[in-house]
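Working notes for the structure below.
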Amino acid sequence: MNTVAPPTPEQAAALRQLEAASQRLQIGRPEEARAILEQVLRVAPRSSDALHLYGVSLRRMGDVIGAELPVRQAISVDKRQPAYHVTLGDILQQLGWPDKAEASYRAALALNRLYPPAARQLALLLNDLGRPDEALKIITPLVAGLTADHGLLNAQAGALKGLGRLDEALAVYRRTVLIAPTSGVAEHNVAAVLGDLGRSEEAEAAARRAMAKGVDAAETRLVHARALLAIGQFDEAETAFQEALNRSPFYMDAHRDFAQLIWMRTEDKAQATARIDAGLRSDPDAVGLRQLKARVLTFAGDEAGADAVLREAVARHPEDVELRKSAAQAAMDVGDAERGLADARKAQSMSEPGDAHADTFVCEALLALGRADEAAAIAQDISRRFPQAQQALAYLATAWRMMGDERYRALYDYDAFVRPWTIDTPKGWSSLPAYLADLTESLNGRHQLKTHPLDQSLRQGSQLAHVLQTDNPAVRALPQALDGPIRAHIAALGRAKDPLRSRNNGRYDFKGVWSVKLRPGGGRHVDHLHPEGWLSSACYIDLPGAVAGEDQQGWIKFGEPGVRTQPKLGPEHFVKPEPGLLVLFPSYMWHGTVPFEGRESRLTVAFDLVPGKA
């Protein structure tokens with residue numbers, strides 16, 4: 001019979017000291033833990049547990065660089081402890097080495113494939129690296145039981161969000177609330193994904209619950225503010241945005257949304273940039289605030305002002321790559337393509353080789369300078385690497401048109417790719433005019449803001465996001481009215497090898513549904529494309545009398561690039577709107593709206609489609 005020898009007095013004392021150090025770490029006193037562990041390591045310098053805890057204590061004290069060596073020493077003494085590998089992974093990730101951190105987490109899982117801390121940390125890292133599919137495979141086997149911890153569930157929900165499976169992510173976040181009903185963080189996560197889904201009233205209530213449970217972070221205030229804005233409580237939303245900024249004065253998401261709300265309510269660029277200017281007085285080197293101010297000025301029609309702001313910012317921060325991209329765009333907006341190309345080339349040189357985002361700025365500048373062959377080569381390379389990149393297809397088509405290349409018509413085949421359809425009358429309405437009247441009443445009631453948001457194509461009008469997230473019967477019936485024409489269009493397109501039809505599997509999913517109300521005397525869509533779609537649309541709900549004429553007021557136009565070209569290229573194709581008409585076209589195709597006069601507004605619904613899942 002085998003027996004285990006009792007520990008020596010020295011060993012028993014070391015064990016007690018290790019327990020004491022561990023307790024100090026648990027109650028947040030790492031300095032005391034370090035002092036105890038230093039005593040242990042003088043007696044037992046190769047104690048793997050002591051080395052590991054010593055590294056943990058240093059990291060908790062903020063000495064991340066110093067923490068790495070003792071943890072590596074612990075692993076060299078005993079490679080079989082997954083906890084050691086997880087700690088090393090956390091340190092490496094904090095030091096900015098995600099590849100090495102991933103290897104450490106995977107080493108822990110190789111020892112125990114169901115070790116929760118390793119699976120959680122690896123999944124969170126993979127989510128951050130844009131690999132949610134891998135994260136989901138790792139985390140799913142560990143969350144089947146009711147005892148799964150918050151970290152595992154949050155990692156699973158994050159992966160589902162990264163894959164666009166928001167309803168499933170919401171279900172997981174709701175599960176964390178059931179497991180931990182007093183957790184404000186869990187309520188915050190529910191509120192955030194409800195906001196992403198456009199379920200704004202529920203998001204607002206969940207954000208309030210999070211704050212009632214003790215969460216008072218700027219991020220929660222921002223979720224609450226966005227929900228208030230979406231349900232039309234504009235005064236309350238302003239206050240909530242300001243509360244977020246009071247807690248985090250340089251929180252760029254809150255600054256952007258607050259500036260946008262003020263702009264949409266007032267159409268006054270000075271009011272919209274007032275808080276940004278206050279931040280810049282506090283910190284003149286706040287690059288993000290300068291970029292945001294330039295963006296507000298651009299969408300307020302002050303391209304020269306935006307260009308001046310960015311030129312000053314580049315002079316202060318010449319090596320900031322995102323600032324260079326913004327400066328390149330601003331230079332092109334004011335017609336200085338040579339300077340735009342110089343800034344774009346600089347941004348490209350500072351980016352990773354093959355960075356498609358940086359390459360597009362160079363491509364756009366080359367189009368503005370009339371160097372179509374060079375632009376075509378860049379756009380073709382991006383399209384080869386990213387076949388679904390709609391912007392690259394638009395730039396490639398534009399370059400081919402400038403060059404007189406016959407391949408242009410394979411992408412811009414208006415007869416085959418741009419088709420008008422009449423939407424169906426949904427069940428419950430006696431006629432299409434009756435349905436459109438009810439839909440008009442519902443949408444008009446929600447279009448309450450004065451002018452357009454930032455980063456959108458419309459000018460002098462308002463936009464509603466997440467249109468379908470309402471209980472109004474006419475709005476809820478919209479997918480039914482659209483389904484028949486969409487399916488007919490997809491069938492008419494057929495299958496072929498070109499970028500549009502090669503993706504046609506006979507099915508579709510919506511990728512956003514919104515409504516736009518343009519006002520007369522300048523209301524329009526500037527020429528643009530839809531970078532995240534496959535097929536895009538314009539569905540006409542209520543139209544001004546000016547559209548009925550033959551002078552093309554308020555008509556949709558195709559082919560005129562939304563970027564500068566030399567020579568300038570004009571529109572090639574027009575479609576006359578009619579109430580109930582749905583126009584479908586490729587998302588990469590340039591399109592815009594001719595301004596219209598009169599006293600009546602122009603009301604539309606639009607959406608993007610992507611190929612449907614099986």
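Just so we're on the same page: first chain in the structure tokens is A, next is B, and so on; residues restart at 1 for each chain, and ligands are numbered from 1 in the order they show up.
Around range 228-241 of chain A, within 9 Å and counting only C-alpha atoms, the residues found are Gly195, Gly198, Ser200, Glu201, Ala203, Glu204, Ala218, Arg221, Leu222, Val223, His224, Ala225, Arg226, Glu243, Ala244, Leu245, Asn246, Ala254, His255, Asp257, Phe258, Leu261, Ile262, Arg265, Arg446, Gln448, Leu449, Leu464 and Ala465 of chain A, once anything fewer than 2 positions away on its own chain is removed.
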Selection from above, N, CA, C and O atoms, as an mmCIF file, in the first residue's frame, can you write it?
data_model
loop_
_atom_site.group_PDB
_atom_site.id
_atom_site.type_symbol
_atom_site.label_atom_id
_atom_site.label_comp_id
_atom_site.auth_asym_id
_atom_site.auth_seq_id
_atom_site.Cartn_x
_atom_site.Cartn_y
_atom_site.Cartn_z
ATOM 1 N N GLY A 195 -30.568 47.803 -28.908
ATOM 2 C CA GLY A 195 -30.361 48.997 -29.725
ATOM 3 C C GLY A 195 -29.876 48.655 -31.112
ATOM 4 O O GLY A 195 -30.335 49.236 -32.109
ATOM 5 N N GLY A 198 -32.595 47.705 -33.294
ATOM 6 C CA GLY A 198 -33.609 48.720 -33.549
ATOM 7 C C GLY A 198 -34.817 48.614 -32.646
ATOM 8 O O GLY A 198 -35.825 49.286 -32.883
ATOM 9 N N SER A 200 -35.899 49.937 -29.920
ATOM 10 C CA SER A 200 -35.417 51.072 -29.130
ATOM 11 C C SER A 200 -36.148 51.240 -27.811
ATOM 12 O O SER A 200 -35.535 51.616 -26.803
ATOM 13 N N GLU A 201 -37.461 51.021 -27.785
ATOM 14 C CA GLU A 201 -38.183 51.168 -26.527
ATOM 15 C C GLU A 201 -37.694 50.143 -25.512
ATOM 16 O O GLU A 201 -37.509 50.464 -24.333
ATOM 17 N N ALA A 203 -34.713 48.780 -25.553
ATOM 18 C CA ALA A 203 -33.338 49.164 -25.229
ATOM 19 C C ALA A 203 -33.322 50.256 -24.172
ATOM 20 O O ALA A 203 -32.495 50.229 -23.243
ATOM 21 N N GLU A 204 -34.224 51.223 -24.302
ATOM 22 C CA GLU A 204 -34.271 52.323 -23.334
ATOM 23 C C GLU A 204 -34.601 51.793 -21.943
ATOM 24 O O GLU A 204 -33.979 52.176 -20.941
ATOM 25 N N ALA A 218 -20.087 55.683 -19.031
ATOM 26 C CA ALA A 218 -20.425 56.481 -20.206
ATOM 27 C C ALA A 218 -21.039 55.612 -21.296
ATOM 28 O O ALA A 218 -21.940 56.057 -22.024
ATOM 29 N N ARG A 221 -24.692 55.190 -20.617
ATOM 30 C CA ARG A 221 -25.380 56.452 -20.909
ATOM 31 C C ARG A 221 -25.552 56.639 -22.423
ATOM 32 O O ARG A 221 -26.577 57.152 -22.889
ATOM 33 N N LEU A 222 -24.552 56.203 -23.191
ATOM 34 C CA LEU A 222 -24.648 56.332 -24.645
ATOM 35 C C LEU A 222 -25.729 55.410 -25.198
ATOM 36 O O LEU A 222 -26.522 55.824 -26.062
ATOM 37 N N VAL A 223 -25.784 54.168 -24.733
ATOM 38 C CA VAL A 223 -26.842 53.257 -25.175
ATOM 39 C C VAL A 223 -28.209 53.854 -24.859
ATOM 40 O O VAL A 223 -29.139 53.810 -25.685
ATOM 41 N N HIS A 224 -28.341 54.432 -23.672
ATOM 42 C CA HIS A 224 -29.608 55.045 -23.274
ATOM 43 C C HIS A 224 -29.937 56.237 -24.175
ATOM 44 O O HIS A 224 -31.080 56.396 -24.640
ATOM 45 N N ALA A 225 -28.942 57.067 -24.443
ATOM 46 C CA ALA A 225 -29.162 58.242 -25.289
ATOM 47 C C ALA A 225 -29.605 57.846 -26.695
ATOM 48 O O ALA A 225 -30.520 58.452 -27.274
ATOM 49 N N ARG A 226 -28.954 56.842 -27.266
ATOM 50 C CA ARG A 226 -29.324 56.403 -28.612
ATOM 51 C C ARG A 226 -30.752 55.879 -28.656
ATOM 52 O O ARG A 226 -31.483 56.115 -29.624
ATOM 53 N N GLU A 243 -24.566 63.542 -20.450
ATOM 54 C CA GLU A 243 -24.163 62.759 -19.276
ATOM 55 C C GLU A 243 -23.048 61.785 -19.643
ATOM 56 O O GLU A 243 -22.104 61.580 -18.862
ATOM 57 N N ALA A 244 -23.134 61.178 -20.809
ATOM 58 C CA ALA A 244 -22.056 60.281 -21.254
ATOM 59 C C ALA A 244 -20.747 61.043 -21.387
ATOM 60 O O ALA A 244 -19.683 60.574 -20.950
ATOM 61 N N LEU A 245 -20.802 62.233 -21.970
ATOM 62 C CA LEU A 245 -19.590 63.025 -22.164
ATOM 63 C C LEU A 245 -19.064 63.589 -20.846
ATOM 64 O O LEU A 245 -17.850 63.773 -20.684
ATOM 65 N N ASN A 246 -19.951 63.861 -19.895
ATOM 66 C CA ASN A 246 -19.486 64.314 -18.588
ATOM 67 C C ASN A 246 -18.658 63.234 -17.899
ATOM 68 O O ASN A 246 -17.721 63.529 -17.154
ATOM 69 N N ALA A 254 -19.819 59.103 -28.355
ATOM 70 C CA ALA A 254 -20.798 60.013 -27.763
ATOM 71 C C ALA A 254 -20.689 61.403 -28.383
ATOM 72 O O ALA A 254 -21.704 62.062 -28.649
ATOM 73 N N HIS A 255 -19.469 61.866 -28.626
ATOM 74 C CA HIS A 255 -19.298 63.166 -29.285
ATOM 75 C C HIS A 255 -19.963 63.160 -30.661
ATOM 76 O O HIS A 255 -20.655 64.117 -31.038
ATOM 77 N N ASP A 257 -22.420 61.224 -31.896
ATOM 78 C CA ASP A 257 -23.879 61.147 -31.871
ATOM 79 C C ASP A 257 -24.502 62.419 -31.316
ATOM 80 O O ASP A 257 -25.584 62.843 -31.760
ATOM 81 N N PHE A 258 -23.839 63.037 -30.354
ATOM 82 C CA PHE A 258 -24.363 64.291 -29.804
ATOM 83 C C PHE A 258 -24.298 65.392 -30.851
ATOM 84 O O PHE A 258 -25.283 66.125 -31.065
ATOM 85 N N LEU A 261 -27.008 64.829 -33.436
ATOM 86 C CA LEU A 261 -28.351 65.188 -32.971
ATOM 87 C C LEU A 261 -28.556 66.694 -33.002
ATOM 88 O O LEU A 261 -29.604 67.179 -33.468
ATOM 89 N N ILE A 262 -27.577 67.440 -32.507
ATOM 90 C CA ILE A 262 -27.709 68.899 -32.519
ATOM 91 C C ILE A 262 -27.825 69.402 -33.953
ATOM 92 O O ILE A 262 -28.657 70.276 -34.262
ATOM 93 N N ARG A 265 -31.286 68.610 -35.377
ATOM 94 C CA ARG A 265 -32.354 69.400 -34.766
ATOM 95 C C ARG A 265 -32.295 70.867 -35.176
ATOM 96 O O ARG A 265 -33.333 71.537 -35.248
ATOM 97 N N ARG A 446 -43.141 59.831 -37.813
ATOM 98 C CA ARG A 446 -41.840 59.555 -37.184
ATOM 99 C C ARG A 446 -40.726 60.426 -37.751
ATOM 100 O O ARG A 446 -39.634 60.475 -37.171
ATOM 101 N N GLN A 448 -39.376 63.526 -37.643
ATOM 102 C CA GLN A 448 -39.530 64.729 -36.830
ATOM 103 C C GLN A 448 -38.300 65.626 -36.827
ATOM 104 O O GLN A 448 -38.378 66.754 -36.343
ATOM 105 N N LEU A 449 -37.170 65.152 -37.316
ATOM 106 C CA LEU A 449 -35.956 65.951 -37.264
ATOM 107 C C LEU A 449 -35.878 66.888 -38.467
ATOM 108 O O LEU A 449 -36.440 66.615 -39.532
ATOM 109 N N LEU A 464 -34.998 57.884 -41.175
ATOM 110 C CA LEU A 464 -35.357 56.980 -40.096
ATOM 111 C C LEU A 464 -34.640 55.664 -40.300
ATOM 112 O O LEU A 464 -34.720 55.072 -41.379
ATOM 113 N N ALA A 465 -33.956 55.192 -39.271
ATOM 114 C CA ALA A 465 -33.334 53.877 -39.329
ATOM 115 C C ALA A 465 -34.279 52.836 -38.733
ATOM 116 O O ALA A 465 -35.266 53.174 -38.071
#
| said: Residues near Asp320 in chain A, anyone? I mean within 10 Å using only C-alpha atoms, not counting same-chain ones fewer than 4 positions away, as number ranges by chain. | reply: A: 287, 313-314, 316, 324-325, 346-347, 350
Using DSSP secondary structure from the backbone, list all helix (DSSP H, G or I) positions within range 310-559 of chain A, as an mmCIF file with C-alpha atoms, in the first residue's frame.
data_model
loop_
_atom_site.group_PDB
_atom_site.id
_atom_site.type_symbol
_atom_site.label_atom_id
_atom_site.label_comp_id
_atom_site.auth_asym_id
_atom_site.auth_seq_id
_atom_site.Cartn_x
_atom_site.Cartn_y
_atom_site.Cartn_z
ATOM 1 C CA LEU A 310 -7.756 68.727 -41.301
ATOM 2 C CA ARG A 311 -4.783 70.557 -42.790
ATOM 3 C CA GLU A 312 -4.079 72.042 -39.362
ATOM 4 C CA ALA A 313 -4.494 68.610 -37.758
ATOM 5 C CA VAL A 314 -2.057 66.984 -40.208
ATOM 6 C CA ALA A 315 0.486 69.710 -39.490
ATOM 7 C CA ARG A 316 0.282 68.813 -35.785
ATOM 8 C CA VAL A 321 -2.638 57.386 -40.746
ATOM 9 C CA GLU A 322 -6.399 57.847 -40.229
ATOM 10 C CA LEU A 323 -5.927 61.605 -40.179
ATOM 11 C CA ARG A 324 -4.069 61.398 -43.490
ATOM 12 C CA LYS A 325 -6.981 59.478 -45.025
ATOM 13 C CA SER A 326 -9.445 62.117 -43.824
ATOM 14 C CA ALA A 327 -7.186 64.875 -45.142
ATOM 15 C CA ALA A 328 -6.947 63.162 -48.525
ATOM 16 C CA GLN A 329 -10.743 63.026 -48.771
ATOM 17 C CA ALA A 330 -11.106 66.658 -47.726
ATOM 18 C CA ALA A 331 -8.545 67.807 -50.300
ATOM 19 C CA MET A 332 -10.432 66.001 -53.044
ATOM 20 C CA ASP A 333 -13.732 67.474 -51.837
ATOM 21 C CA ALA A 337 -6.631 66.226 -56.240
ATOM 22 C CA GLU A 338 -2.839 66.549 -56.270
ATOM 23 C CA ARG A 339 -2.748 67.246 -52.548
ATOM 24 C CA GLY A 340 -5.342 64.528 -52.038
ATOM 25 C CA LEU A 341 -3.128 62.049 -53.836
ATOM 26 C CA ALA A 342 -0.099 63.060 -51.760
ATOM 27 C CA ASP A 343 -2.005 62.529 -48.502
ATOM 28 C CA ALA A 344 -3.470 59.264 -49.798
ATOM 29 C CA ARG A 345 -0.015 57.989 -50.800
ATOM 30 C CA LYS A 346 1.306 58.941 -47.368
ATOM 31 C CA ALA A 347 -1.552 57.056 -45.678
ATOM 32 C CA GLN A 348 -0.903 54.084 -47.935
ATOM 33 C CA SER A 349 2.800 54.056 -47.010
ATOM 34 C CA MET A 350 1.925 54.062 -43.297
ATOM 35 C CA ALA A 356 -7.785 48.029 -49.106
ATOM 36 C CA HIS A 357 -9.110 51.045 -47.209
ATOM 37 C CA ALA A 358 -5.923 53.037 -47.806
ATOM 38 C CA ASP A 359 -5.793 51.874 -51.426
ATOM 39 C CA THR A 360 -9.263 53.261 -52.159
ATOM 40 C CA PHE A 361 -8.171 56.809 -51.291
ATOM 41 C CA VAL A 362 -5.313 56.541 -53.777
ATOM 42 C CA CYS A 363 -7.710 55.154 -56.359
ATOM 43 C CA GLU A 364 -10.153 58.028 -55.841
ATOM 44 C CA ALA A 365 -7.416 60.638 -56.191
ATOM 45 C CA LEU A 366 -6.214 59.041 -59.423
ATOM 46 C CA LEU A 367 -9.750 59.177 -60.826
ATOM 47 C CA ALA A 368 -9.904 62.880 -59.951
ATOM 48 C CA ALA A 372 -7.911 56.068 -65.050
ATOM 49 C CA ASP A 373 -5.554 53.236 -66.027
ATOM 50 C CA GLU A 374 -3.699 53.463 -62.690
ATOM 51 C CA ALA A 375 -6.989 53.703 -60.782
ATOM 52 C CA ALA A 376 -8.327 50.669 -62.641
ATOM 53 C CA ALA A 377 -5.285 48.602 -61.666
ATOM 54 C CA ILE A 378 -5.779 49.402 -57.965
ATOM 55 C CA ALA A 379 -9.543 48.809 -58.051
ATOM 56 C CA GLN A 380 -9.067 45.540 -59.926
ATOM 57 C CA ASP A 381 -6.544 44.356 -57.348
ATOM 58 C CA ILE A 382 -8.936 45.153 -54.480
ATOM 59 C CA SER A 383 -11.778 43.374 -56.294
ATOM 60 C CA ARG A 384 -9.601 40.341 -56.854
ATOM 61 C CA ARG A 385 -8.817 40.134 -53.124
ATOM 62 C CA GLN A 390 -18.909 47.199 -53.729
ATOM 63 C CA GLN A 391 -16.814 50.386 -53.593
ATOM 64 C CA ALA A 392 -13.978 48.759 -55.510
ATOM 65 C CA LEU A 393 -16.438 47.602 -58.192
ATOM 66 C CA ALA A 394 -17.809 51.140 -58.489
ATOM 67 C CA TYR A 395 -14.321 52.613 -58.856
ATOM 68 C CA LEU A 396 -13.340 49.931 -61.360
ATOM 69 C CA ALA A 397 -16.432 50.604 -63.455
ATOM 70 C CA THR A 398 -15.758 54.347 -63.330
ATOM 71 C CA ALA A 399 -12.165 53.871 -64.490
ATOM 72 C CA TRP A 400 -13.269 51.591 -67.338
ATOM 73 C CA ARG A 401 -15.859 54.154 -68.427
ATOM 74 C CA MET A 402 -13.188 56.866 -68.490
ATOM 75 C CA MET A 403 -10.949 54.594 -70.535
ATOM 76 C CA TYR A 408 -17.784 48.827 -68.230
ATOM 77 C CA ARG A 409 -21.084 47.725 -69.752
ATOM 78 C CA ALA A 410 -20.788 44.301 -68.128
ATOM 79 C CA LEU A 411 -21.130 46.062 -64.740
ATOM 80 C CA TYR A 414 -29.029 49.202 -67.092
ATOM 81 C CA ASP A 415 -31.516 47.133 -69.102
ATOM 82 C CA ALA A 416 -30.617 43.934 -67.266
ATOM 83 C CA PHE A 417 -29.751 45.230 -63.808
ATOM 84 C CA LEU A 432 -52.450 49.897 -53.154
ATOM 85 C CA PRO A 433 -53.354 53.627 -52.793
ATOM 86 C CA ALA A 434 -55.123 52.839 -49.528
ATOM 87 C CA TYR A 435 -52.078 50.988 -48.240
ATOM 88 C CA LEU A 436 -49.693 53.761 -49.299
ATOM 89 C CA ALA A 437 -51.869 56.340 -47.548
ATOM 90 C CA ASP A 438 -51.630 54.443 -44.259
ATOM 91 C CA LEU A 439 -47.893 53.868 -44.700
ATOM 92 C CA THR A 440 -47.385 57.576 -45.454
ATOM 93 C CA GLU A 441 -49.234 58.584 -42.292
ATOM 94 C CA SER A 442 -47.157 56.255 -40.150
ATOM 95 C CA LEU A 443 -43.787 57.279 -41.583
ATOM 96 C CA ASN A 444 -44.543 61.000 -41.586
ATOM 97 C CA GLY A 445 -45.379 60.775 -37.900
ATOM 98 C CA ARG A 446 -41.840 59.555 -37.184
ATOM 99 C CA PRO A 473 -49.698 47.586 -39.149
ATOM 100 C CA ALA A 474 -48.805 49.357 -42.403
ATOM 101 C CA VAL A 475 -45.091 49.300 -41.621
ATOM 102 C CA ARG A 476 -45.199 45.690 -40.428
ATOM 103 C CA LEU A 478 -44.066 46.259 -45.802
ATOM 104 C CA PRO A 479 -42.003 43.052 -46.225
ATOM 105 C CA GLN A 480 -45.129 41.329 -47.551
ATOM 106 C CA ALA A 481 -45.641 44.115 -50.092
ATOM 107 C CA LEU A 482 -42.008 43.924 -51.199
ATOM 108 C CA ASP A 483 -41.498 40.165 -51.312
ATOM 109 C CA GLY A 484 -43.106 39.445 -54.678
ATOM 110 C CA PRO A 485 -41.236 42.137 -56.638
ATOM 111 C CA ILE A 486 -37.935 41.244 -54.973
ATOM 112 C CA ARG A 487 -38.300 37.574 -55.887
ATOM 113 C CA ALA A 488 -39.317 38.482 -59.432
ATOM 114 C CA HIS A 489 -36.258 40.701 -59.782
ATOM 115 C CA ILE A 490 -33.895 38.039 -58.483
ATOM 116 C CA ALA A 491 -35.418 35.503 -60.887
ATOM 117 C CA ALA A 492 -35.099 37.937 -63.797
ATOM 118 C CA LEU A 493 -31.423 38.527 -63.003
ATOM 119 C CA ARG A 501 -25.305 37.538 -60.739
ATOM 120 C CA SER A 502 -22.606 35.164 -59.489
ATOM 121 C CA ARG A 503 -23.939 35.765 -55.967
ATOM 122 C CA GLY A 545 -46.284 67.029 -57.858
ATOM 123 C CA ALA A 546 -42.968 68.192 -59.346
ATOM 124 C CA VAL A 547 -41.924 64.566 -59.906
ATOM 125 C CA ALA A 548 -44.788 63.986 -62.365
#
| Nearest to Gly521 in chain A by atom-to-atom distance, counting only C-alpha atoms, from A:Leu603, A:Gly461, A:Pro577, A:Ser537 |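 Of all the options, A:Gly461 lies closest to Gly521 in chain A.
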| message | If we count only C-alpha atoms and set the cut-off at 7 Å, which residues sit around His591 in chain A, ignoring sequence neighbours fewer than 3 positions away in its own chain? Please answer as a list in words. | response | Asp527, His528, Leu529, Ile556, Lys557, Phe558, Gly559 and Glu560 of chain A
Can I get the selected residues back with N, CA, C and O atoms, as an mmCIF file, in the first residue's frame?
data_model
loop_
_atom_site.group_PDB
_atom_site.id
_atom_site.type_symbol
_atom_site.label_atom_id
_atom_site.label_comp_id
_atom_site.auth_asym_id
_atom_site.auth_seq_id
_atom_site.Cartn_x
_atom_site.Cartn_y
_atom_site.Cartn_z
ATOM 1 N N ASP A 527 -24.782 61.573 -55.312
ATOM 2 C CA ASP A 527 -24.452 60.305 -55.959
ATOM 3 C C ASP A 527 -23.602 59.456 -55.018
ATOM 4 O O ASP A 527 -22.616 59.919 -54.442
ATOM 5 N N HIS A 528 -23.979 58.190 -54.899
ATOM 6 C CA HIS A 528 -23.345 57.315 -53.920
ATOM 7 C C HIS A 528 -23.578 55.868 -54.323
ATOM 8 O O HIS A 528 -24.248 55.564 -55.315
ATOM 9 N N LEU A 529 -23.017 54.961 -53.513
ATOM 10 C CA LEU A 529 -23.255 53.528 -53.660
ATOM 11 C C LEU A 529 -23.520 52.965 -52.274
ATOM 12 O O LEU A 529 -23.458 53.696 -51.280
ATOM 13 N N ILE A 556 -34.752 59.400 -59.870
ATOM 14 C CA ILE A 556 -33.520 58.714 -59.521
ATOM 15 C C ILE A 556 -32.652 58.612 -60.760
ATOM 16 O O ILE A 556 -33.157 58.337 -61.863
ATOM 17 N N LYS A 557 -31.366 58.884 -60.607
ATOM 18 C CA LYS A 557 -30.440 58.848 -61.734
ATOM 19 C C LYS A 557 -29.308 57.875 -61.438
ATOM 20 O O LYS A 557 -28.947 57.661 -60.285
ATOM 21 N N PHE A 558 -28.757 57.316 -62.497
ATOM 22 C CA PHE A 558 -27.710 56.303 -62.371
ATOM 23 C C PHE A 558 -26.511 56.664 -63.242
ATOM 24 O O PHE A 558 -26.666 57.241 -64.322
ATOM 25 N N GLY A 559 -25.337 56.291 -62.759
ATOM 26 C CA GLY A 559 -24.125 56.382 -63.569
ATOM 27 C C GLY A 559 -23.225 57.553 -63.281
ATOM 28 O O GLY A 559 -22.042 57.514 -63.644
ATOM 29 N N GLU A 560 -23.730 58.612 -62.655
ATOM 30 C CA GLU A 560 -22.872 59.757 -62.348
ATOM 31 C C GLU A 560 -22.060 59.445 -61.094
ATOM 32 O O GLU A 560 -22.629 59.237 -60.027
#
Near-range 170-178 of chain A list (7 Å; only C-alpha atoms; drop same-chain fewer than 2 positions) as a tab-separated table (two decimals) with C-alpha atoms, in the first residue's frame:
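Produced file selection-v8.tsv, reproduced below:
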chain	number	residue	atom	x	y	z
A	150	HIS	CA	-20.76	35.45	-17.37
A	153	LEU	CA	-21.69	33.72	-22.12
A	154	ASN	CA	-20.41	37.17	-23.01
A	157	ALA	CA	-22.73	36.52	-27.42
A	166	LEU	CA	-28.09	39.50	-33.22
A	167	ASP	CA	-31.26	37.70	-32.15
A	168	GLU	CA	-29.21	34.77	-30.89
A	180	ALA	CA	-27.23	37.13	-12.35
A	181	PRO	CA	-30.38	39.23	-11.87
A	183	SER	CA	-25.87	42.50	-12.57
A	186	ALA	CA	-25.70	42.06	-17.93
A	187	GLU	CA	-28.56	44.55	-18.37
A	189	ASN	CA	-25.36	44.14	-22.73
A	190	VAL	CA	-29.06	43.40	-23.29
A	193	VAL	CA	-27.93	44.54	-28.57
| task | Mind giving me the straight-line distance from CA of Trp514 in chain A to CA of Gln463 in chain A in Å, one decimal? | result |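 CA of Gln463 in chain A lies 7.0 Å from CA of Trp514 in chain A.
Each of A:Phe585, A:Phe250, A:Trp555, A:Phe596 was checked against Trp534 in chain A using only C-alpha atoms; the smallest atom-to-atom distance is that of A:Phe585.
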| task | For CA of Thr593 in chain A and CA of Asp307 in chain A, quote the distance in Å rounded to one decimal. | result |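 Those two atoms sit 25.8 Å apart.
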| request: Find the residues around Tyr508 in chain A up to 9 Å (only C-alpha atoms counted), leave out those fewer than 3 positions away in its own chain, and share them as a list in words. | output: Ile486, Arg487, Ile490, Asn504, Asn505, Leu609, Val610, Pro611, Gly612 and Lys613 of chain A
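Among A:Ser76, A:Thr451, A:Ser248, A:Gln17, the residue with the shortest atom-to-atom distance to Gln260 in chain A, counting only C-alpha atoms, is A:Thr451.
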| Residue among A:His447, A:Lys568, A:Lys161, A:Lys576 lying closest to Ala192 in chain A, counting only C-alpha atoms |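 Using only C-alpha atoms, Ala192 in chain A sits closest to A:Lys161.
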| said: To one decimal place in Å, what is the distance between CA of Ala217 in chain A and CA of Ala205 in chain A? | reply: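 Separation of CA of Ala217 in chain A and CA of Ala205 in chain A: 16.2 Å.
The closest residue to Glu31 in chain A, picked from A:Asp63, A:Glu134, A:Glu572, A:Asp216 and counting only C-alpha atoms, is A:Asp63.
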| field | Non-local contacts of Val71 in chain A (7 Å; only C-alpha atoms; under 2 positions in same chain excluded) as an MDAnalysis selection string | value | chainID A and resid 51:52 55 67:69 73:75 84 88
| Shortest interatomic distance to Ala259 in chain A - which of A:Val56, A:Ala496, A:Leu292, A:Ile138, counting only C-alpha atoms |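 Looking only at the distances to Ala259 in chain A, the closest residue turns out to be A:Leu292.
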